[in-house]
$ cat target.pdb   # PDB, C-alpha atoms
ATOM      1  CA  MET L 194     127.487 120.120 103.164
ATOM      2  CA  ILE L 195     123.949 121.214 104.135
ATOM      3  CA  LEU L 196     123.378 122.867 100.761
ATOM      4  CA  ALA L 197     124.642 119.761  98.964
ATOM      5  CA  VAL L 198     122.240 117.621 101.026
ATOM      6  CA  ILE L 199     119.301 119.898 100.177
ATOM      7  CA  ALA L 200     120.133 120.080  96.461
ATOM      8  CA  GLY L 201     120.932 116.370  96.188
ATOM      9  CA  MET L 202     117.845 115.245  98.079
ATOM     10  CA  GLY L 203     115.660 117.668  96.109
ATOM     11  CA  ALA L 204     116.972 116.242  92.830
ATOM     12  CA  ILE L 205     116.565 112.617  93.920
ATOM     13  CA  VAL L 206     113.051 113.049  95.300
ATOM     14  CA  PHE L 207     111.925 114.939  92.191
ATOM     15  CA  LEU L 208     113.501 112.326  89.925
ATOM     16  CA  ASN L 209     111.671 109.550  91.800
ATOM     17  CA  ARG L 210     108.382 111.410  91.446
ATOM     18  CA  TYR L 211     108.763 112.541  87.869
ATOM     19  CA  LEU L 212     110.616 109.704  86.124
ATOM     20  CA  PHE L 213     107.617 107.656  85.034
ATOM     21  CA  LEU L 214     105.500 110.692  84.215
ATOM     22  CA  GLU L 215     107.877 111.571  81.367
ATOM     23  CA  PRO L 216     106.100 110.492  78.159
ATOM     24  CA  ARG L 217     109.333 110.174  76.186
ATOM     25  CA  LEU L 218     110.664 107.545  78.579
ATOM     26  CA  PRO L 219     110.465 104.155  76.883
ATOM     27  CA  PHE L 220     110.418 102.017  79.956
ATOM     28  CA  ARG L 221     109.614  98.510  80.916
ATOM     29  CA  LEU L 222     110.036  97.589  84.568
ATOM     30  CA  SER L 223     110.537  93.871  84.919
ATOM     31  CA  GLN L 224     107.867  92.063  86.903
ATOM     32  CA  GLY L 225     110.503  91.155  89.466
ATOM     33  CA  THR L 226     111.439  94.806  90.074
ATOM     34  CA  ARG L 227     107.789  95.768  90.409
ATOM     35  CA  ASP L 228     107.165  92.977  92.889
ATOM     36  CA  PHE L 229     110.208  94.045  94.891
ATOM     37  CA  LEU L 230     109.170  97.721  94.886
ATOM     38  CA  SER L 231     105.656  96.791  95.953
ATOM     39  CA  PHE L 232     107.123  96.011  99.375
ATOM     40  CA  ALA L 233     108.724  99.461  99.669
ATOM     41  CA  VAL L 234     105.902 101.029 101.675
ATOM     42  CA  PRO L 235     105.513  98.330 104.370
ATOM     43  CA  GLY L 236     109.268  97.612 104.425
ATOM     44  CA  MET L 237     110.600 101.160 104.651
ATOM     45  CA  LEU L 238     107.855 102.653 106.829
ATOM     46  CA  THR L 239     108.085  99.775 109.304
ATOM     47  CA  ALA L 240     111.860 100.193 109.474
ATOM     48  CA  ILE L 241     111.319 103.812 110.547
ATOM     49  CA  CYS L 242     108.737 102.834 113.191
ATOM     50  CA  GLY L 243     110.858 100.079 114.769
ATOM     51  CA  PRO L 244     113.427 102.277 116.556
ATOM     52  CA  ILE L 245     110.817 104.924 117.472
ATOM     53  CA  ILE L 246     108.714 102.303 119.253
ATOM     54  CA  PHE L 247     111.308  99.973 120.741
ATOM     55  CA  MET L 248     114.149 102.426 121.351
ATOM     56  CA  PRO L 249     112.604 105.578 122.859
ATOM     57  CA  GLY L 250     115.370 107.951 123.964
ATOM     58  CA  HIS L 251     117.864 105.661 122.161
ATOM     59  CA  THR L 252     117.626 102.967 124.829
ATOM     60  CA  LEU L 253     116.157  99.530 124.167
ATOM     61  CA  SER L 254     112.722  99.025 125.738
ATOM     62  CA  LEU L 255     111.101  95.646 125.116
ATOM     63  CA  SER L 256     108.703  95.990 128.065
ATOM     64  CA  ALA L 257     105.026  95.234 127.381
ATOM     65  CA  LEU L 258     104.224  98.462 129.240
ATOM     66  CA  ASN L 259     106.232 100.580 126.808
ATOM     67  CA  PRO L 260     103.751 103.404 125.968
ATOM     68  CA  TYR L 261     105.073 103.615 122.394
ATOM     69  CA  LEU L 262     104.312  99.910 121.886
ATOM     70  CA  LEU L 263     100.851 100.154 123.480
ATOM     71  CA  GLY L 264     100.097 103.301 121.480
ATOM     72  CA  GLY L 265     101.251 101.606 118.272
ATOM     73  CA  LEU L 266      99.019  98.600 118.962
ATOM     74  CA  CYS L 267      96.119 101.033 119.485
ATOM     75  CA  THR L 268      96.841 102.495 116.044
ATOM     76  CA  VAL L 269      96.718  99.040 114.437
ATOM     77  CA  GLY L 270      93.471  98.191 116.248
ATOM     78  CA  LEU L 271      91.834 101.521 115.407
ATOM     79  CA  MET L 272      92.928 101.283 111.784
ATOM     80  CA  LEU L 273      91.453  97.777 111.428
ATOM     81  CA  TRP L 274      88.266  98.930 113.123
ATOM     82  CA  THR L 275      87.668 102.358 111.525
ATOM     83  CA  GLY L 276      89.847 102.268 108.391
ATOM     84  CA  ARG L 277      90.394 106.033 108.832
ATOM     85  CA  VAL L 278      93.991 107.240 108.997
ATOM     86  CA  LEU L 279      93.470 110.586 110.709
ATOM     87  CA  THR L 280      91.023 109.260 113.340
ATOM     88  CA  SER L 281      93.341 106.359 114.170
ATOM     89  CA  VAL L 282      96.392 108.603 114.474
ATOM     90  CA  LEU L 283      94.696 111.217 116.670
ATOM     91  CA  VAL L 284      92.967 108.745 119.016
ATOM     92  CA  SER L 285      96.088 106.596 119.392
ATOM     93  CA  MET L 286      98.125 109.727 120.169
ATOM     94  CA  GLY L 287      95.650 110.382 122.982
ATOM     95  CA  CYS L 288      96.098 106.776 124.165
ATOM     96  CA  PHE L 289      99.883 107.169 123.952
ATOM     97  CA  TYR L 290      99.914 110.223 126.230
ATOM     98  CA  LEU L 291      97.524 108.473 128.605
ATOM     99  CA  PHE L 292      99.773 105.381 128.788
ATOM    100  CA  ARG L 293     102.817 107.585 129.222
ATOM    101  CA  SER L 294     101.285 109.381 132.178
ATOM    102  CA  ILE L 295     100.224 106.057 133.801
ATOM    103  CA  PHE L 296     103.334 103.918 133.323
TER
ATOM    104  CA  MET K 354      81.001 114.905  87.312
ATOM    105  CA  ARG K 355      83.925 117.047  88.323
ATOM    106  CA  SER K 356      84.640 117.897  84.688
ATOM    107  CA  THR K 357      81.620 120.226  84.830
ATOM    108  CA  LEU K 358      83.227 122.286  87.609
ATOM    109  CA  SER K 359      85.092 125.461  86.799
ATOM    110  CA  PRO K 360      88.871 125.336  87.366
ATOM    111  CA  TYR K 361      88.453 127.540  90.412
ATOM    112  CA  GLN K 362      85.777 125.255  91.930
ATOM    113  CA  ALA K 363      87.842 122.126  91.281
ATOM    114  CA  PHE K 364      90.938 123.762  92.785
ATOM    115  CA  TRP K 365      88.913 124.746  95.848
ATOM    116  CA  GLN K 366      87.479 121.222  96.212
ATOM    117  CA  GLY K 367      90.966 119.744  96.076
ATOM    118  CA  SER K 368      92.220 122.206  98.693
ATOM    119  CA  MET K 369      89.347 121.268 101.001
ATOM    120  CA  ALA K 370      89.811 117.525 100.457
ATOM    121  CA  VAL K 371      93.433 117.588 101.612
ATOM    122  CA  ILE K 372      92.849 119.592 104.831
ATOM    123  CA  PRO K 373      92.648 116.555 107.150
ATOM    124  CA  LEU K 374      95.878 115.169 105.718
ATOM    125  CA  SER K 375      97.560 118.565 106.007
ATOM    126  CA  LEU K 376      96.595 118.753 109.688
ATOM    127  CA  ALA K 377      97.883 115.235 110.270
ATOM    128  CA  CYS K 378     101.313 116.307 109.060
ATOM    129  CA  ALA K 379     101.452 119.302 111.433
ATOM    130  CA  PRO K 380     103.527 117.511 114.111
ATOM    131  CA  TRP K 381     105.978 116.355 111.447
ATOM    132  CA  GLY K 382     106.307 119.831 109.990
ATOM    133  CA  LEU K 383     106.978 121.213 113.457
ATOM    134  CA  LEU K 384     109.439 118.400 114.041
ATOM    135  CA  VAL K 385     111.292 118.985 110.756
ATOM    136  CA  GLY K 386     111.584 122.715 111.435
ATOM    137  CA  SER K 387     112.777 122.380 114.995
ATOM    138  CA  LEU K 388     115.060 119.385 114.363
ATOM    139  CA  ALA K 389     116.696 121.209 111.458
ATOM    140  CA  ILE K 390     117.511 124.142 113.742
ATOM    141  CA  ASP K 391     118.695 121.683 116.366
ATOM    142  CA  ALA K 392     121.028 120.102 113.757
ATOM    143  CA  GLN K 393     122.711 123.515 113.283
ATOM    144  CA  MET K 394     120.957 124.371 110.023
ATOM    145  CA  THR K 395     120.211 128.074 109.560
ATOM    146  CA  PRO K 396     116.517 129.135 109.474
ATOM    147  CA  LEU K 397     116.794 129.811 105.731
ATOM    148  CA  GLU K 398     118.341 126.384 105.066
ATOM    149  CA  SER K 399     115.675 124.742 107.220
ATOM    150  CA  GLN K 400     112.860 126.411 105.295
ATOM    151  CA  GLY K 401     114.549 125.714 101.964
ATOM    152  CA  PHE K 402     114.858 122.077 102.982
ATOM    153  CA  SER K 403     111.053 121.767 103.154
ATOM    154  CA  ALA K 404     110.463 124.027 100.138
ATOM    155  CA  ILE K 405     112.829 122.133  97.842
ATOM    156  CA  VAL K 406     112.786 118.522  99.092
ATOM    157  CA  PHE K 407     109.142 118.331 100.275
ATOM    158  CA  ALA K 408     109.339 114.765 101.620
ATOM    159  CA  GLY K 409     108.611 114.459 105.341
ATOM    160  CA  ALA K 410     110.008 111.077 106.270
ATOM    161  CA  ALA K 411     113.152 111.493 104.174
ATOM    162  CA  GLN K 412     113.748 114.941 105.694
ATOM    163  CA  ILE K 413     113.434 113.705 109.283
ATOM    164  CA  VAL K 414     115.756 110.784 108.619
ATOM    165  CA  ALA K 415     118.267 113.003 106.802
ATOM    166  CA  ILE K 416     118.380 115.461 109.708
ATOM    167  CA  GLY K 417     119.039 112.571 112.061
ATOM    168  CA  MET K 418     121.835 111.388 109.783
ATOM    169  CA  ILE K 419     123.330 114.899 109.543
ATOM    170  CA  LYS K 420     123.399 115.058 113.342
ATOM    171  CA  THR K 421     125.222 111.739 113.597
ATOM    172  CA  GLY K 422     127.753 112.893 110.999
ATOM    173  CA  ALA K 423     126.705 110.597 108.146
ATOM    174  CA  SER K 424     128.287 111.109 104.737
ATOM    175  CA  LEU K 425     126.525 112.887 101.874
ATOM    176  CA  SER K 426     126.425 109.716  99.793
ATOM    177  CA  SER K 427     124.805 107.638 102.537
ATOM    178  CA  ILE K 428     122.159 110.350 103.042
ATOM    179  CA  LEU K 429     121.406 110.405  99.319
ATOM    180  CA  VAL K 430     121.196 106.612  99.041
ATOM    181  CA  THR K 431     118.861 106.539 102.037
ATOM    182  CA  THR K 432     116.721 109.248 100.397
ATOM    183  CA  LEU K 433     116.598 107.279  97.166
ATOM    184  CA  LEU K 434     115.396 104.148  98.943
ATOM    185  CA  LEU K 435     113.079 105.966 101.323
ATOM    186  CA  THR K 436     111.265 107.769  98.511
ATOM    187  CA  SER K 437     111.294 104.937  95.991
ATOM    188  CA  GLN K 438     107.558 104.409  96.474
ATOM    189  CA  HIS K 439     107.150 107.551  94.361
ATOM    190  CA  LEU K 440     108.395 105.572  91.377
ATOM    191  CA  LEU K 441     105.332 103.380  91.771
ATOM    192  CA  TYR K 442     103.056 106.381  92.223
ATOM    193  CA  GLY K 443     104.510 107.840  89.032
ATOM    194  CA  LEU K 444     103.978 104.571  87.214
ATOM    195  CA  HIS K 445     100.382 104.461  88.415
ATOM    196  CA  MET K 446      99.644 108.115  87.586
ATOM    197  CA  ARG K 447     101.376 107.909  84.196
ATOM    198  CA  ALA K 448      98.043 107.321  82.456
ATOM    199  CA  THR K 449      96.563 110.597  83.714
ATOM    200  CA  LEU K 450      99.596 112.869  84.116
ATOM    201  CA  SER K 451     101.956 112.053  81.243
ATOM    202  CA  SER K 452      99.568 113.409  78.603
ATOM    203  CA  LEU K 453      99.439 116.879  80.229
ATOM    204  CA  SER K 454     101.549 119.794  78.986
ATOM    205  CA  SER K 455     105.095 119.807  80.327
ATOM    206  CA  ARG K 456     104.333 122.699  82.685
ATOM    207  CA  TRP K 457     101.482 120.791  84.366
ATOM    208  CA  ARG K 458     103.332 117.496  84.285
ATOM    209  CA  ILE K 459     106.445 118.863  85.983
ATOM    210  CA  GLY K 460     104.401 120.901  88.469
ATOM    211  CA  LEU K 461     102.135 118.046  89.519
ATOM    212  CA  GLY K 462     105.127 115.687  89.426
ATOM    213  CA  PHE K 463     106.871 117.861  92.019
ATOM    214  CA  LEU K 464     103.712 117.735  94.185
ATOM    215  CA  LEU K 465     103.302 113.944  93.903
ATOM    216  CA  THR K 466     103.402 112.997  97.592
ATOM    217  CA  ASP K 467     101.801 110.062  99.406
ATOM    218  CA  GLU K 468      98.856 112.342 100.183
ATOM    219  CA  PHE K 469      98.554 113.539  96.578
ATOM    220  CA  PHE K 470      98.570 109.938  95.411
ATOM    221  CA  ALA K 471      95.960 108.958  98.000
ATOM    222  CA  LEU K 472      93.508 111.597  96.757
ATOM    223  CA  ASN K 473      94.143 111.436  92.998
ATOM    224  CA  SER K 474      95.031 107.854  92.131
ATOM    225  CA  GLN K 475      91.461 106.563  91.822
ATOM    226  CA  TYR K 476      90.564 108.709  88.792
ATOM    227  CA  ASP K 477      90.995 107.688  85.165
ATOM    228  CA  GLN K 478      91.726 109.967  82.225
ATOM    229  CA  LYS K 479      88.100 111.056  81.938
ATOM    230  CA  THR K 480      87.368 111.822  85.574
ATOM    231  CA  PHE K 481      90.804 113.198  86.500
ATOM    232  CA  SER K 482      90.852 116.970  87.083
ATOM    233  CA  ARG K 483      94.237 118.693  86.954
ATOM    234  CA  TRP K 484      92.825 121.674  88.866
ATOM    235  CA  PHE K 485      91.547 119.421  91.657
ATOM    236  CA  ALA K 486      94.981 117.761  91.727
ATOM    237  CA  LEU K 487      96.698 121.151  91.831
ATOM    238  CA  GLY K 488      94.442 122.194  94.717
ATOM    239  CA  VAL K 489      95.403 119.079  96.653
ATOM    240  CA  GLY K 490      99.112 119.399  95.901
ATOM    241  CA  LEU K 491      99.569 123.133  96.403
ATOM    242  CA  SER K 492      97.537 123.316  99.625
ATOM    243  CA  PHE K 493      99.509 120.436 101.061
ATOM    244  CA  TYR K 494     102.788 122.059  99.989
ATOM    245  CA  LEU K 495     101.744 125.334 101.590
ATOM    246  CA  ALA K 496     100.683 123.598 104.831
ATOM    247  CA  TRP K 497     103.947 121.652 104.983
ATOM    248  CA  ASN K 498     105.992 124.823 104.664
ATOM    249  CA  VAL K 499     103.885 126.800 107.138
ATOM    250  CA  PHE K 500     104.259 124.024 109.731
ATOM    251  CA  THR K 501     107.988 123.871 109.046
ATOM    252  CA  LEU K 502     108.201 127.630 109.602
ATOM    253  CA  ALA K 503     106.290 127.245 112.864
ATOM    254  CA  GLY K 504     108.753 124.543 113.896
ATOM    255  CA  ILE K 505     111.693 126.798 113.051
ATOM    256  CA  LEU K 506     110.206 129.664 115.088
ATOM    257  CA  LEU K 507     109.039 127.546 118.025
ATOM    258  CA  GLY K 508     111.878 125.023 117.987
ATOM    259  CA  LYS K 509     114.143 126.889 120.339
ATOM    260  CA  SER K 510     111.336 128.016 122.631
ATOM    261  CA  ILE K 511     109.946 124.528 123.274
ATOM    262  CA  PRO K 512     112.334 123.039 125.821
ATOM    263  CA  ASN K 513     113.041 119.325 125.380
ATOM    264  CA  LEU K 514     110.962 118.967 122.274
ATOM    265  CA  GLU K 515     112.234 115.418 121.950
ATOM    266  CA  SER K 516     110.868 114.399 125.335
ATOM    267  CA  LEU K 517     107.350 115.465 124.340
ATOM    268  CA  GLY K 518     106.992 112.208 122.424
ATOM    269  CA  LEU K 519     106.069 113.993 119.200
ATOM    270  CA  GLU K 520     107.853 111.299 117.250
ATOM    271  CA  PHE K 521     105.055 108.950 118.243
ATOM    272  CA  SER K 522     102.830 110.779 115.755
ATOM    273  CA  ILE K 523     105.239 109.718 113.002
ATOM    274  CA  ALA K 524     105.105 106.092 114.094
ATOM    275  CA  ALA K 525     101.308 106.273 114.435
ATOM    276  CA  THR K 526     100.892 107.763 110.955
ATOM    277  CA  PHE K 527     103.158 105.180 109.334
ATOM    278  CA  ILE K 528     101.482 102.341 111.227
ATOM    279  CA  ALA K 529      98.113 103.643 110.051
ATOM    280  CA  LEU K 530      99.376 103.704 106.447
ATOM    281  CA  VAL K 531     100.984 100.264 106.648
ATOM    282  CA  THR K 532      98.171  98.401 108.482
ATOM    283  CA  PRO K 533      95.733  98.265 105.513
ATOM    284  CA  VAL K 534      98.562  97.107 103.216
ATOM    285  CA  VAL K 535      99.342  94.068 105.363
ATOM    286  CA  LYS K 536      96.910  91.603 103.822
ATOM    287  CA  SER K 537      99.080  88.707 102.664
ATOM    288  CA  VAL K 538     101.706  86.355 104.070
ATOM    289  CA  PRO K 539     104.546  88.056 102.124
ATOM    290  CA  THR K 540     103.690  91.514 103.524
ATOM    291  CA  ILE K 541     103.470  90.078 107.042
ATOM    292  CA  GLY K 542     106.931  88.582 106.502
ATOM    293  CA  CYS K 543     108.192  91.881 105.109
ATOM    294  CA  VAL K 544     106.883  93.898 108.083
ATOM    295  CA  PHE K 545     108.158  91.414 110.645
ATOM    296  CA  VAL K 546     111.691  91.160 109.203
ATOM    297  CA  SER K 547     111.883  94.925 108.701
ATOM    298  CA  LEU K 548     110.739  95.584 112.282
ATOM    299  CA  ALA K 549     113.099  93.063 113.872
ATOM    300  CA  CYS K 550     116.086  94.212 111.789
ATOM    301  CA  SER K 551     115.433  97.908 112.402
ATOM    302  CA  VAL K 552     115.396  97.424 116.177
ATOM    303  CA  LEU K 553     118.455  95.152 116.147
ATOM    304  CA  PHE K 554     120.528  97.322 113.792
ATOM    305  CA  SER K 555     119.576 100.535 115.604
ATOM    306  CA  TYR K 556     120.557  98.886 118.879
ATOM    307  CA  LEU K 557     123.906  98.015 117.296
ATOM    308  CA  ARG K 558     124.082 101.673 116.165
ATOM    309  CA  TRP K 559     124.574 100.854 112.502
ATOM    310  CA  GLU K 560     124.655 104.030 110.495
ATOM    311  CA  SER K 561     122.751 102.369 107.665
ATOM    312  CA  ALA K 562     120.259 100.566 109.942
ATOM    313  CA  LEU K 563     117.209 101.996 108.215
ATOM    314  CA  VAL K 564     118.260 101.225 104.640
ATOM    315  CA  VAL K 565     119.471  97.727 105.440
ATOM    316  CA  SER K 566     116.369  96.869 107.512
ATOM    317  CA  GLY K 567     114.032  98.206 104.838
ATOM    318  CA  LEU K 568     115.809  96.256 102.124
ATOM    319  CA  ALA K 569     115.864  93.134 104.313
ATOM    320  CA  GLY K 570     112.102  93.433 104.824
ATOM    321  CA  MET K 571     111.461  94.034 101.119
ATOM    322  CA  THR K 572     113.662  91.077 100.196
ATOM    323  CA  ALA K 573     111.868  88.873 102.723
ATOM    324  CA  GLY K 574     108.503  89.852 101.265
ATOM    325  CA  PHE K 575     109.728  89.339  97.705
ATOM    326  CA  VAL K 576     111.291  85.922  98.423
ATOM    327  CA  CYS K 577     108.211  84.836 100.364
ATOM    328  CA  LYS K 578     105.984  85.850  97.449
ATOM    329  CA  ARG K 579     108.130  83.944  94.962
ATOM    330  CA  LEU K 580     108.184  80.841  97.177
ATOM    331  CA  LEU K 581     104.395  80.871  97.532
ATOM    332  CA  GLU K 582     104.002  81.365  93.780
ATOM    333  CA  GLY K 583     106.386  78.499  93.091
ATOM    334  CA  ARG K 584     104.388  76.210  95.330
ATOM    335  CA  SER K 585     100.990  76.941  93.822
TER
END

$ encode --input "target.pdb" --output "structure tokens"
Amino acid sequence: MILAVIAGMGAIVFLNRYLFLEPRLPFRLSQGTRDFLSFAVPGMLTAICGPIIFMPGHTLSLSALNPYLLGGLCTVGLMLWTGRVLTSVLVSMGCFYLFRSIF
Amino acid sequence: MRSTLSPYQAFWQGSMAVIPLSLACAPWGLLVGSLAIDAQMTPLESQGFSAIVFAGAAQIVAIGMIKTGASLSSILVTTLLLTSQHLLYGLHMRATLSSLSSRWRIGLGFLLTDEFFALNSQYDQKTFSRWFALGVGLSFYLAWNVFTLAGILLGKSIPNLESLGLEFSIAATFIALVTPVVKSVPTIGCVFVSLACSVLFSYLRWESALVVSGLAGMTAGFVCKRLLEGRS
């Protein structure tokens, strides 16, 4: 099972990465498909963040004092302010641990 | 300008340029290594996972799915959806990469991560340097595997790794990547629907919560875009 997962995932990820680099591929993505795929990054990445932030330890936490929520809001604020990914991530991680020790 | 550099210099420049991004993925690498061990994978399988798949988010999600006993097909479908942004990266990089020899094309194709795309996508055919790109890609690959190894070795010795809140670094990184993308009403709709669905479906313990929420968000964004276009 594990080996099948590794081999299968490896093949799928490589196919995703390589498909459109192949010069012999005569492709034409419809505009609709492209528009749909253009929402893949915000859609999929947000779907991963949701449970991490609102369900820490697999229990629902909708409190405004949830350190994951406050930390996440810090990331958004820092990103809008600085525009630097690494700075925003590191500083908001600091904020997260601070909030976690307070609340 | 970079075309005047020797291959070695360009490779070195690329390796240097990716260092901050490599460091940012350290917590994930540690997480992947230790979670894989925690999910009863052997150390060799855990390392091979990072060496062969080389896709952080998909790996973390897959390990979670393995632990909850998900089927092979649902893991593969999730992987396909979760890494579908690479199709767009490939489409974008087609101009610079598809004309290379097959050895370079396949090699750089394997290394085409979010980070690789971030550092190489702005160059056109004239300014693109394959050695710079290789430096970026290989250094990042090496870092990812070293951090995974560290996670495998440390995993068992860090008690309650999950309670350390390391997963916040994943959320923070994704939020930082998504924030600059959210510039229009359709993307706001996409993010909001995806967020709400992911929390609701995870609360309901749906096995396919992530895929369904992501698709719901993408559909919301797409429909919203079409509606706005139809109106104007």

$ resolve_selection --input "target.pdb" --expression "the PyMOL selection byres ((chain L and resi 231-240) around 8)" --output "ChimeraX atom specification"
/L:227-230,241-244 /K:435,437-438,441,527-528,531,534-535,540,543-544,547-548,550-551,563-564,566-571,574-575

$ write_last_selection --input "target.pdb" --atoms "C-alpha atoms" --output "mmCIF file, in the coordinates of the input"
data_model
loop_
_atom_site.group_PDB
_atom_site.id
_atom_site.type_symbol
_atom_site.label_atom_id
_atom_site.label_comp_id
_atom_site.auth_asym_id
_atom_site.auth_seq_id
_atom_site.Cartn_x
_atom_site.Cartn_y
_atom_site.Cartn_z
ATOM 1 C CA ARG L 227 107.789 95.768 90.409
ATOM 2 C CA ASP L 228 107.165 92.977 92.889
ATOM 3 C CA PHE L 229 110.208 94.045 94.891
ATOM 4 C CA LEU L 230 109.170 97.721 94.886
ATOM 5 C CA ILE L 241 111.319 103.812 110.547
ATOM 6 C CA CYS L 242 108.737 102.834 113.191
ATOM 7 C CA GLY L 243 110.858 100.079 114.769
ATOM 8 C CA PRO L 244 113.427 102.277 116.556
ATOM 9 C CA LEU K 435 113.079 105.966 101.323
ATOM 10 C CA SER K 437 111.294 104.937 95.991
ATOM 11 C CA GLN K 438 107.558 104.409 96.474
ATOM 12 C CA LEU K 441 105.332 103.380 91.771
ATOM 13 C CA PHE K 527 103.158 105.180 109.334
ATOM 14 C CA ILE K 528 101.482 102.341 111.227
ATOM 15 C CA VAL K 531 100.984 100.264 106.648
ATOM 16 C CA VAL K 534 98.562 97.107 103.216
ATOM 17 C CA VAL K 535 99.342 94.068 105.363
ATOM 18 C CA THR K 540 103.690 91.514 103.524
ATOM 19 C CA CYS K 543 108.192 91.881 105.109
ATOM 20 C CA VAL K 544 106.883 93.898 108.083
ATOM 21 C CA SER K 547 111.883 94.925 108.701
ATOM 22 C CA LEU K 548 110.739 95.584 112.282
ATOM 23 C CA CYS K 550 116.086 94.212 111.789
ATOM 24 C CA SER K 551 115.433 97.908 112.402
ATOM 25 C CA LEU K 563 117.209 101.996 108.215
ATOM 26 C CA VAL K 564 118.260 101.225 104.640
ATOM 27 C CA SER K 566 116.369 96.869 107.512
ATOM 28 C CA GLY K 567 114.032 98.206 104.838
ATOM 29 C CA LEU K 568 115.809 96.256 102.124
ATOM 30 C CA ALA K 569 115.864 93.134 104.313
ATOM 31 C CA GLY K 570 112.102 93.433 104.824
ATOM 32 C CA MET K 571 111.461 94.034 101.119
ATOM 33 C CA GLY K 574 108.503 89.852 101.265
ATOM 34 C CA PHE K 575 109.728 89.339 97.705
#

$ atom_distance --input "target.pdb" --atom1 "atom CA of Thr466 of chain K" --atom2 "atom CA of Thr532 of chain K"
18.9 Å

$ residues_around --input "target.pdb" --residues "segment 270-272 of chain L" --least-positions-apart "3" --cutoff "9 Å" --atoms "only C-alpha atoms" --output "number ranges by chain"
L: 265-267, 275-278, 280-282, 284-285; K: 528-530, 532-533

$ resolve_selection --input "target.pdb" --expression "the PyMOL selection byres ((chain L and resi 208-217) around 12)" --output "PyMOL selection string"
(chain L and resi 201-207+218-222) or (chain K and resi 406-408+432-467+469-470)

$ atom_distance --input "target.pdb" --atom1 "atom CA of Ser403 of chain K" --atom2 "atom CA of Leu262 of chain L"
29.6 Å

$ resolve_selection --input "target.pdb" --expression "the PyMOL selection byres ((chain K and resi 419) around 10)" --output "PyMOL selection string"
(chain L and resi 194-195+198) or (chain K and resi 389+392-394+413-418+420-425+428)

$ decode --input "target.pdb" --residues "segment 359-370 of chain K" --atoms "N, CA and C atoms" --output "PDB file, in the first residue's frame"
ATOM      1  N   SER K 359      29.291  32.145 -16.109  1.00  0.00           N
ATOM      2  CA  SER K 359      29.625  30.761 -16.425  1.00  0.00           C
ATOM      3  C   SER K 359      28.541  29.864 -15.833  1.00  0.00           C
ATOM      4  N   PRO K 360      28.400  28.635 -16.342  1.00  0.00           N
ATOM      5  CA  PRO K 360      27.398  27.722 -15.774  1.00  0.00           C
ATOM      6  C   PRO K 360      27.544  27.577 -14.259  1.00  0.00           C
ATOM      7  N   TYR K 361      28.800  27.474 -13.820  1.00  0.00           N
ATOM      8  CA  TYR K 361      29.037  27.288 -12.393  1.00  0.00           C
ATOM      9  C   TYR K 361      28.523  28.481 -11.591  1.00  0.00           C
ATOM     10  N   GLN K 362      28.831  29.715 -12.099  1.00  0.00           N
ATOM     11  CA  GLN K 362      28.384  30.931 -11.398  1.00  0.00           C
ATOM     12  C   GLN K 362      26.858  31.023 -11.352  1.00  0.00           C
ATOM     13  N   ALA K 363      26.223  30.703 -12.481  1.00  0.00           N
ATOM     14  CA  ALA K 363      24.758  30.768 -12.541  1.00  0.00           C
ATOM     15  C   ALA K 363      24.141  29.749 -11.585  1.00  0.00           C
ATOM     16  N   PHE K 364      24.712  28.543 -11.566  1.00  0.00           N
ATOM     17  CA  PHE K 364      24.233  27.490 -10.670  1.00  0.00           C
ATOM     18  C   PHE K 364      24.339  27.953  -9.216  1.00  0.00           C
ATOM     19  N   TRP K 365      25.483  28.569  -8.896  1.00  0.00           N
ATOM     20  CA  TRP K 365      25.728  29.052  -7.543  1.00  0.00           C
ATOM     21  C   TRP K 365      24.729  30.150  -7.179  1.00  0.00           C
ATOM     22  N   GLN K 366      24.502  31.085  -8.111  1.00  0.00           N
ATOM     23  CA  GLN K 366      23.532  32.163  -7.870  1.00  0.00           C
ATOM     24  C   GLN K 366      22.133  31.618  -7.576  1.00  0.00           C
ATOM     25  N   GLY K 367      21.741  30.618  -8.374  1.00  0.00           N
ATOM     26  CA  GLY K 367      20.437  29.997  -8.165  1.00  0.00           C
ATOM     27  C   GLY K 367      20.346  29.342  -6.795  1.00  0.00           C
ATOM     28  N   SER K 368      21.435  28.642  -6.414  1.00  0.00           N
ATOM     29  CA  SER K 368      21.443  27.968  -5.106  1.00  0.00           C
ATOM     30  C   SER K 368      21.306  28.974  -3.973  1.00  0.00           C
ATOM     31  N   MET K 369      21.973  30.121  -4.130  1.00  0.00           N
ATOM     32  CA  MET K 369      21.906  31.163  -3.098  1.00  0.00           C
ATOM     33  C   MET K 369      20.499  31.764  -3.034  1.00  0.00           C
ATOM     34  N   ALA K 370      19.926  32.005  -4.237  1.00  0.00           N
ATOM     35  CA  ALA K 370      18.625  32.683  -4.297  1.00  0.00           C
ATOM     36  C   ALA K 370      17.522  31.899  -3.591  1.00  0.00           C
TER      37      ALA K 370
END
